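Raw contents of run35.cif, mmCIF, C-alpha atoms:
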data_model
#
loop_
_atom_site.label_atom_id
_atom_site.label_comp_id
_atom_site.auth_asym_id
_atom_site.auth_seq_id
_atom_site.Cartn_x
_atom_site.Cartn_y
_atom_site.Cartn_z
CA MET A 1455 71.95 79.78 102.94
CA LYS A 1456 73.20 76.48 101.52
CA VAL A 1457 76.68 75.08 101.81
CA GLU A 1458 77.18 75.03 98.03
CA GLU A 1459 76.72 78.80 97.88
CA ILE A 1460 79.85 79.45 99.88
CA MET A 1461 81.97 76.34 99.37
CA VAL A 1462 85.42 76.69 97.85
CA ARG A 1463 85.98 74.41 94.90
CA LYS A 1464 89.74 74.67 95.04
CA ILE A 1465 90.80 71.36 96.58
CA GLU A 1466 94.33 70.06 96.65
CA PHE A 1467 95.04 66.40 97.22
CA ILE A 1468 98.10 64.62 98.52
CA ASP A 1469 99.04 60.99 98.51
CA SER A 1470 98.92 59.38 101.93
CA THR A 1471 102.44 57.98 101.47
CA ALA A 1472 103.96 61.35 100.56
CA SER A 1473 106.29 62.92 103.13
CA LEU A 1474 105.22 65.71 105.44
CA PHE A 1475 107.74 67.94 103.71
CA ASP A 1476 105.90 67.33 100.41
CA ALA A 1477 102.67 68.33 102.12
CA ILE A 1478 104.23 71.47 103.59
CA GLU A 1479 105.63 72.46 100.20
CA LYS A 1480 102.25 72.05 98.57
CA MET A 1481 100.48 74.04 101.29
CA ILE A 1482 102.93 76.91 100.97
CA ASP A 1483 102.95 76.92 97.18
CA LYS A 1484 99.17 76.82 96.97
CA ARG A 1485 98.59 79.05 100.00
CA LEU A 1486 96.40 76.44 101.70
CA ARG A 1487 95.94 75.38 105.30
CA SER A 1488 94.81 71.85 104.58
CA LEU A 1489 95.15 69.11 102.00
CA VAL A 1490 92.86 66.20 101.27
CA VAL A 1491 94.63 62.88 101.68
CA THR A 1492 93.67 60.45 98.96
CA PRO A 1493 92.50 56.97 99.93
CA LYS A 1494 95.20 54.29 99.88
CA GLU A 1495 92.90 51.74 98.28
CA GLU A 1496 89.29 51.41 97.18
CA SER A 1497 88.03 50.40 100.60
CA ASP A 1498 89.84 53.32 102.20
CA VAL A 1499 88.35 56.78 102.80
CA TYR A 1500 89.54 60.36 102.34
CA GLY A 1501 91.57 61.98 105.11
CA VAL A 1502 92.75 65.50 105.79
CA ILE A 1503 96.04 66.97 106.89
CA THR A 1504 96.14 70.50 108.26
CA VAL A 1505 98.80 72.98 109.31
CA ARG A 1506 97.66 72.32 112.85
CA ASP A 1507 98.40 68.58 112.49
CA ILE A 1508 101.87 69.31 111.15
CA VAL A 1509 102.73 71.78 113.92
CA PHE A 1510 101.29 69.83 116.85
CA LYS A 1511 101.86 66.25 115.77
CA ALA A 1512 105.14 66.56 113.90
CA ILE A 1513 107.09 69.75 114.64
CA LYS A 1514 106.23 69.74 118.34
CA GLN A 1515 107.22 66.06 118.57
CA ASN A 1516 110.46 66.67 116.64
CA LEU A 1517 109.50 64.22 113.92
CA ASP A 1518 111.62 64.13 110.79
CA LEU A 1519 109.53 65.92 108.17
CA ASN A 1520 111.20 64.06 105.33
CA LYS A 1521 110.74 60.63 106.84
CA THR A 1522 107.29 60.99 108.36
CA LYS A 1523 104.48 60.06 106.02
CA VAL A 1524 101.29 62.05 105.59
CA TYR A 1525 99.09 59.15 106.78
CA GLU A 1526 100.90 59.16 110.13
CA VAL A 1527 99.54 62.54 111.13
CA ALA A 1528 96.44 62.92 108.93
CA ASN A 1529 92.91 62.65 110.26
CA LYS A 1530 90.41 60.15 108.93
CA PRO A 1531 87.63 60.12 107.95
CA VAL A 1532 86.83 63.67 106.94
CA VAL A 1533 83.55 65.21 108.06
CA CYS A 1534 81.37 65.40 104.97
CA VAL A 1535 78.28 67.50 104.40
CA ASN A 1536 75.75 67.59 101.61
CA ARG A 1537 75.93 70.50 99.17
CA VAL A 1538 72.32 71.53 99.92
CA MET A 1539 72.79 71.45 103.68
CA ASP A 1540 72.05 74.68 105.53
CA ILE A 1541 75.15 76.52 106.74
CA LYS A 1542 73.81 76.45 110.29
CA HIS A 1543 74.08 72.64 110.34
CA ALA A 1544 77.63 72.87 109.03
CA ILE A 1545 78.46 75.30 111.85
CA ASN A 1546 76.95 72.89 114.39
CA LEU A 1547 79.09 70.05 113.04
CA MET A 1548 82.25 72.16 113.18
CA ASP A 1549 81.44 73.17 116.72
CA LYS A 1550 80.59 69.61 117.80
CA PHE A 1551 83.76 68.08 116.37
CA ASN A 1552 85.94 71.16 117.06
CA ILE A 1553 87.11 71.35 113.46
CA ALA A 1554 87.88 74.33 111.23
CA ARG A 1555 86.49 72.91 107.98
CA VAL A 1556 83.98 70.47 106.59
CA PHE A 1557 84.08 68.79 103.19
CA VAL A 1558 81.29 68.91 100.71
CA CYS A 1559 80.77 65.45 99.25
CA ASP A 1560 78.75 64.20 96.34
CA ASN A 1561 78.67 60.54 95.31
CA MET A 1562 81.62 59.71 97.55
CA GLN A 1563 83.68 62.46 95.92
CA ILE A 1564 84.86 65.64 97.62
CA ILE A 1565 83.62 68.59 95.58
CA GLY A 1566 84.31 71.49 97.93
CA ILE A 1567 85.45 72.76 101.30
CA VAL A 1568 83.81 75.14 103.73
CA SER A 1569 86.08 76.64 106.36
CA LEU A 1570 85.33 78.85 109.34
CA MET A 1571 86.73 81.81 107.39
CA ASP A 1572 84.38 81.09 104.45
CA ILE A 1573 81.46 81.11 106.86
CA LEU A 1574 82.61 84.33 108.50
CA ASN A 1575 83.02 86.01 105.09
CA ALA A 1576 79.58 84.82 103.95
CA PHE A 1577 78.02 86.04 107.20
CA LEU A 1578 79.62 89.49 106.84
CA ILE A 1579 78.45 89.81 103.24
CA MET A 1580 74.92 88.78 104.20
CA ARG A 1581 74.93 91.32 107.02
CA ALA A 1582 76.13 94.06 104.68
CA ARG A 1583 73.41 93.14 102.20
CA GLY A 1584 70.85 93.18 104.93
CA ASP A 1585 69.96 89.53 104.28
CA TYR A 1586 70.80 88.36 107.76
CA GLY A 1587 69.64 89.30 111.25
CA ALA A 1588 72.01 92.11 112.20
CA MET B 733 72.33 113.42 111.39
CA VAL B 734 74.75 115.70 109.58
CA LEU B 735 74.60 113.76 106.33
CA GLU B 736 70.83 113.63 106.14
CA ARG B 737 70.63 117.37 106.69
CA PHE B 738 73.38 117.94 104.23
CA PHE B 739 71.99 115.82 101.44
CA SER B 740 68.31 116.51 101.75
CA THR B 741 68.04 120.27 101.62
CA SER B 742 69.22 121.32 98.18
CA LYS B 743 67.60 120.34 94.92
CA LYS B 744 70.97 120.33 93.16
CA GLU B 745 72.40 117.99 95.76
CA GLN B 746 69.41 115.69 95.50
CA GLU B 747 69.90 115.59 91.76
CA VAL B 748 73.58 114.73 92.14
CA ILE B 749 72.77 111.93 94.60
CA LEU B 750 70.15 110.49 92.26
CA ASN B 751 72.58 110.62 89.37
CA ILE B 752 75.41 109.02 91.36
CA LYS B 753 73.02 106.16 92.09
CA LYS B 754 71.94 106.04 88.47
CA HIS B 755 75.59 105.92 87.42
CA ILE B 756 76.26 102.95 89.71
CA LYS B 757 73.02 101.22 88.66
CA THR B 758 74.23 101.49 85.06
CA LEU B 759 77.49 99.85 86.16
CA ILE B 760 75.51 97.03 87.78
CA THR B 761 73.56 96.58 84.55
CA ALA B 762 76.81 96.56 82.55
CA SER B 763 78.33 93.91 84.81
CA GLN B 764 75.18 91.79 84.52
CA VAL B 765 75.14 92.16 80.75
CA PHE B 766 78.79 91.09 80.74
CA LYS B 767 77.92 88.05 82.85
CA ASN B 768 75.07 87.14 80.52
CA GLY B 769 77.27 87.54 77.43
CA PHE B 770 80.02 85.42 78.96
CA GLU B 771 77.66 82.65 80.09
CA LYS B 772 76.02 82.49 76.67
CA GLU B 773 79.35 83.01 74.90
CA ASN B 774 77.58 85.67 72.90
CA GLN B 775 79.64 88.53 71.50
CA ASP B 776 76.55 90.46 70.42
CA ILE B 777 75.47 90.76 74.03
CA MET B 778 78.94 92.06 74.89
CA LEU B 779 78.50 94.89 72.37
CA ASN B 780 75.86 96.38 74.67
CA ILE B 781 78.60 97.22 77.18
CA SER B 782 79.84 100.03 74.93
CA GLU B 783 76.32 101.45 74.76
CA LEU B 784 76.06 101.36 78.53
CA GLU B 785 79.48 102.97 78.87
CA ARG B 786 78.36 105.84 76.62
CA GLU B 787 75.19 106.20 78.68
CA ALA B 788 77.31 106.29 81.83
CA ASP B 789 79.56 108.95 80.28
CA SER B 790 76.57 111.13 79.69
CA ILE B 791 75.39 110.66 83.30
CA ARG B 792 78.90 111.47 84.54
CA ARG B 793 79.15 114.66 82.48
CA GLY B 794 75.79 115.84 83.81
CA LEU B 795 76.86 114.99 87.32
CA ILE B 796 80.10 116.91 87.14
CA SER B 797 78.41 119.99 85.70
CA ARG B 798 75.84 119.88 88.48
CA ILE B 799 78.53 119.54 91.16
CA TYR B 800 80.37 122.62 89.86
CA GLU B 801 77.14 124.55 89.43
CA GLY B 802 77.07 124.64 93.19
CA ALA B 803 75.93 121.34 94.61
CA PHE B 804 77.70 120.61 97.89
CA LEU B 805 80.20 122.77 99.69
CA PRO B 806 83.31 123.59 97.61
CA TYR B 807 85.67 121.55 99.79
CA LEU B 808 83.56 118.42 99.18
CA ARG B 809 83.33 118.75 95.42
CA PRO B 810 86.76 117.38 94.48
CA ASN B 811 86.15 114.21 96.50
CA ILE B 812 82.71 113.64 95.00
CA PHE B 813 84.14 114.42 91.58
CA ARG B 814 86.92 111.86 92.14
CA PHE B 815 84.41 109.26 93.32
CA VAL B 816 82.44 109.65 90.10
CA GLU B 817 85.65 109.46 88.05
CA ILE B 818 86.61 106.20 89.77
CA ILE B 819 83.27 104.63 88.85
CA ASP B 820 83.95 105.74 85.31
CA GLU B 821 87.24 103.79 85.36
CA ALA B 822 85.25 100.65 86.17
CA PHE B 823 83.19 101.21 83.00
CA ASP B 824 86.41 101.59 81.01
CA VAL B 825 87.91 98.28 82.13
CA LEU B 826 84.61 96.47 81.67
CA LYS B 827 84.36 97.88 78.15
CA ASP B 828 87.97 96.88 77.42
CA ALA B 829 87.30 93.33 78.64
CA ALA B 830 84.15 93.18 76.50
CA SER B 831 86.10 94.32 73.43
CA GLU B 832 88.84 91.76 74.07
CA TYR B 833 86.28 88.98 74.47
CA LYS B 834 85.71 88.76 70.73
CA TYR B 835 89.40 88.04 70.12
CA ILE B 836 89.93 85.37 72.74
CA LYS B 837 89.18 81.69 72.97
CA ILE B 838 89.08 80.20 76.45
CA LYS B 839 89.70 76.55 75.74
CA SER B 840 90.22 75.40 79.31
CA GLU B 841 86.96 74.71 81.16
CA GLU B 842 88.74 75.33 84.44
CA LEU B 843 89.87 78.77 83.31
CA LYS B 844 86.40 79.53 82.00
CA SER B 845 84.94 78.62 85.37
CA ASP B 846 87.44 80.88 87.18
CA CYS B 847 86.58 83.80 84.87
CA ALA B 848 82.86 83.15 85.43
CA GLU B 849 83.44 83.34 89.17
CA ILE B 850 85.22 86.69 88.87
CA ILE B 851 82.45 88.02 86.63
CA ASN B 852 79.84 86.90 89.13
CA ILE B 853 81.65 88.54 92.05
CA ASN B 854 82.02 91.72 89.95
CA CYS B 855 78.22 91.93 89.78
CA GLN B 856 77.95 91.46 93.53
CA ILE B 857 80.64 93.99 94.39
CA CYS B 858 78.95 96.63 92.20
CA GLU B 859 75.66 95.95 93.96
CA MET B 860 77.40 96.30 97.31
CA LEU B 861 78.84 99.67 96.26
CA LEU B 862 75.32 100.90 95.54
CA GLN B 863 74.26 99.74 98.99
CA ALA B 864 77.26 101.55 100.47
CA VAL B 865 76.25 104.77 98.68
CA ASP B 866 72.69 104.36 99.97
CA SER B 867 74.00 103.85 103.48
CA MET B 868 76.10 106.99 103.27
CA PHE B 869 73.21 109.11 102.08
CA PHE B 870 71.04 107.74 104.85
CA GLY B 871 73.76 108.65 107.31
CA GLU B 872 74.40 105.02 108.23
CA ASP B 873 77.67 103.37 109.11
CA LEU B 874 79.71 102.35 106.06
CA ARG B 875 82.01 99.90 107.83
CA GLU B 876 80.02 96.73 107.11
CA LYS B 877 79.59 97.56 103.44
CA SER B 878 83.26 98.49 103.07
CA LEU B 879 84.29 95.24 104.71
CA ALA B 880 82.03 93.24 102.38
CA ILE B 881 83.63 95.01 99.41
CA ARG B 882 87.09 94.13 100.71
CA ILE B 883 86.04 90.47 101.14
CA TYR B 884 84.82 90.35 97.54
CA GLU B 885 88.03 91.99 96.35
CA LYS B 886 90.16 89.51 98.25
CA LYS B 887 88.23 86.60 96.74
CA ILE B 888 88.93 87.95 93.27
CA ASP B 889 92.60 88.43 94.14
CA GLU B 890 92.83 84.76 95.13
CA ILE B 891 91.14 83.60 91.93
CA LYS B 892 93.44 85.84 89.91
CA LEU B 893 96.50 84.28 91.54
CA GLU B 894 95.22 80.82 90.60
CA ILE B 895 94.54 81.96 87.06
CA THR B 896 98.04 83.42 86.77
CA GLU B 897 99.49 80.03 87.66
CA LYS B 898 97.21 78.24 85.18
CA LEU B 899 97.93 80.72 82.39
CA GLN B 900 101.59 79.75 82.41
CA ASN B 901 100.64 76.26 81.23
CA ILE B 902 98.22 77.31 78.54
CA ASP B 903 99.29 76.94 74.93
CA VAL B 904 98.66 79.91 72.73
CA GLU B 905 99.01 80.02 68.96
CA SER B 906 100.36 83.54 68.71
CA PHE B 907 101.67 86.43 70.76
CA TRP B 908 98.43 88.36 70.22
CA GLU B 909 96.23 85.49 71.35
CA GLY B 910 98.21 85.31 74.59
CA LYS B 911 98.23 89.06 75.05
CA MET B 912 94.49 89.39 74.50
CA LEU B 913 93.76 86.59 76.97
CA SER B 914 96.10 88.09 79.55
CA ASP B 915 94.61 91.58 79.08
CA PHE B 916 91.07 90.18 79.28
CA ILE B 917 91.77 88.56 82.65
CA SER B 918 93.64 91.58 83.89
CA HIS B 919 90.70 93.86 83.05
CA LEU B 920 88.20 91.46 84.59
CA SER B 921 90.04 91.43 87.88
CA LYS B 922 90.65 95.19 87.82
CA VAL B 923 86.94 95.99 88.32
CA SER B 924 87.02 94.93 91.96
CA ASP B 925 90.19 96.96 92.63
CA ILE B 926 88.44 100.04 91.27
CA ILE B 927 85.29 99.41 93.30
CA GLU B 928 87.44 99.04 96.40
CA ASP B 929 89.04 102.42 95.61
CA ALA B 930 85.57 103.90 95.16
CA SER B 931 84.53 102.49 98.52
CA ASP B 932 87.61 104.06 100.13
CA TYR B 933 86.63 107.37 98.60
CA LEU B 934 83.13 107.07 100.03
CA ASN B 935 84.74 106.78 103.42
CA ILE B 936 86.85 109.86 102.73
CA ILE B 937 83.72 111.79 101.76
CA LYS B 938 81.98 110.63 104.90
CA ILE B 939 84.92 111.56 107.11
CA SER B 940 85.21 114.97 105.47
CA LEU B 941 81.61 115.68 106.43
CA LYS B 942 82.21 115.16 110.14
#
Mind turning the file's structure into structure tokens?
Amino acid sequence: MKVEEIMVRKIEFIDSTASLFDAIEKMIDKRLRSLVVTPKEESDVYGVITVRDIVFKAIKQNLDLNKTKVYEVANKPVVCVNRVMDIKHAINLMDKFNIARVFVCDNMQIIGIVSLMDILNAFLIMRARGDYGA
Amino acid sequence: MVLERFFSTSKKEQEVILNIKKHIKTLITASQVFKNGFEKENQDIMLNISELEREADSIRRGLISRIYEGAFLPYLRPNIFRFVEIIDEAFDVLKDAASEYKYIKIKSEELKSDCAEIININCQICEMLLQAVDSMFFGEDLREKSLAIRIYEKKIDEIKLEITEKLQNIDVESFWEGKMLSDFISHLSKVSDIIEDASDYLNIIKISLK
């Protein structure tokens, strides 16, 4: 199965200079666990900020959520995969880098996200269909 | 296996099983016709949904008569009857959505793409229900199929939430245009709820056989 068959196209972006509180608000409103951080300039690359980053890097460290900027806790660069890549390779990458999601990129643009939960759901559906080794 | 013994001995029961599967296969066809009509933006294709719904009605009537002519033990009949009725509700909402389609204009490409995703998942969830029915009649475990159905339903729920947010920013020319669009989306997303109910009923039938 290819990455594009299970990727989620709903991607929310946040400016790297926005506050962590802005990021939290957006995550809660949109029911997301991560946001893509837009590049600061042309030479810059996409980053990602996750709930995990906010809890471990900001809340745990008692950082001021209104004063701390997204770029201070975000991760860069994001791990990108090709849309036609086999899911198994995406799983290997997630395992290797200990990450919960990879980004599907096309022409330097992020077009989708595949998370561990998306993979689990796809696996369960394939099993139920009998398409996958039970 | 209890189920195999139960379902394979009587001719009437075999007939009911075949017709239940035929009923669901007709639903799969209807959902695929809907998908085709939506992709091609063709209202004439959508008209076929009513034909399929009528065909399904006829299968359902035959099924119910057969059940009350003595197929299955009496205590099982109401549950099987209810299962068939639930499938019929799926035809009703699909037919309603198909009728509304001719009155609506989906101007936003994003909204169109969300609807297409729901329609596509509707086809898959109907196919999964057929597989669940097959599993039950073969005496297999239903858990994996039920879980897959719940995953599909959850996906549709998420898309519906996004659509609800987007709908608030869509300009409509009249009350009726807005109502039709809202009803169309509501009916589209209702199919998966109904299939989930049907799947729950399958589990009830299975448990009642133990």
Test item: residues at most 9 Å from segment 796-803 of chain B, all atoms listed in the file, excluding those fewer than 3 positions along its chain, as JSON, numbers by chain | {"B": [742, 743, 744, 745, 746, 747, 748, 791, 792, 793, 806, 809, 812, 813, 816]}
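Between chain A and the residues B:Leu843, B:Ile838, B:Met860, B:Leu805, the shortest atom-to-atom distance, using only C-alpha atoms, involves B:Met860.
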At most 6 Å to chain A: residues in chain B, only C-alpha atoms, as a ChimeraX atom specification = /B:876-877,880
Name the residues captured by the PyMOL selection byres ((chain B and resi 908-917) around 7) when it is applied to the shown file; answer as a PyMOL selection string.
-> chain B and resi 829+832-833+835-836+904-907+918-921
I need the chosen residues saved as a PDB file, in the frame of the given file, with C-alpha atoms.
ATOM      1  CA  ALA B 829      87.300  93.330  78.640  1.00  0.00           C
ATOM      2  CA  GLU B 832      88.840  91.760  74.070  1.00  0.00           C
ATOM      3  CA  TYR B 833      86.280  88.980  74.470  1.00  0.00           C
ATOM      4  CA  TYR B 835      89.400  88.040  70.120  1.00  0.00           C
ATOM      5  CA  ILE B 836      89.930  85.370  72.740  1.00  0.00           C
ATOM      6  CA  VAL B 904      98.660  79.910  72.730  1.00  0.00           C
ATOM      7  CA  GLU B 905      99.010  80.020  68.960  1.00  0.00           C
ATOM      8  CA  SER B 906     100.360  83.540  68.710  1.00  0.00           C
ATOM      9  CA  PHE B 907     101.670  86.430  70.760  1.00  0.00           C
ATOM     10  CA  SER B 918      93.640  91.580  83.890  1.00  0.00           C
ATOM     11  CA  HIS B 919      90.700  93.860  83.050  1.00  0.00           C
ATOM     12  CA  LEU B 920      88.200  91.460  84.590  1.00  0.00           C
ATOM     13  CA  SER B 921      90.040  91.430  87.880  1.00  0.00           C
TER      14      SER B 921
END
Local residues around (96.0, 73.4, 105.7), at most 8 Å away, using all atoms listed in the file, as a VMD selection string = chain A and resid 1481 1486 to 1489 1503 to 1506
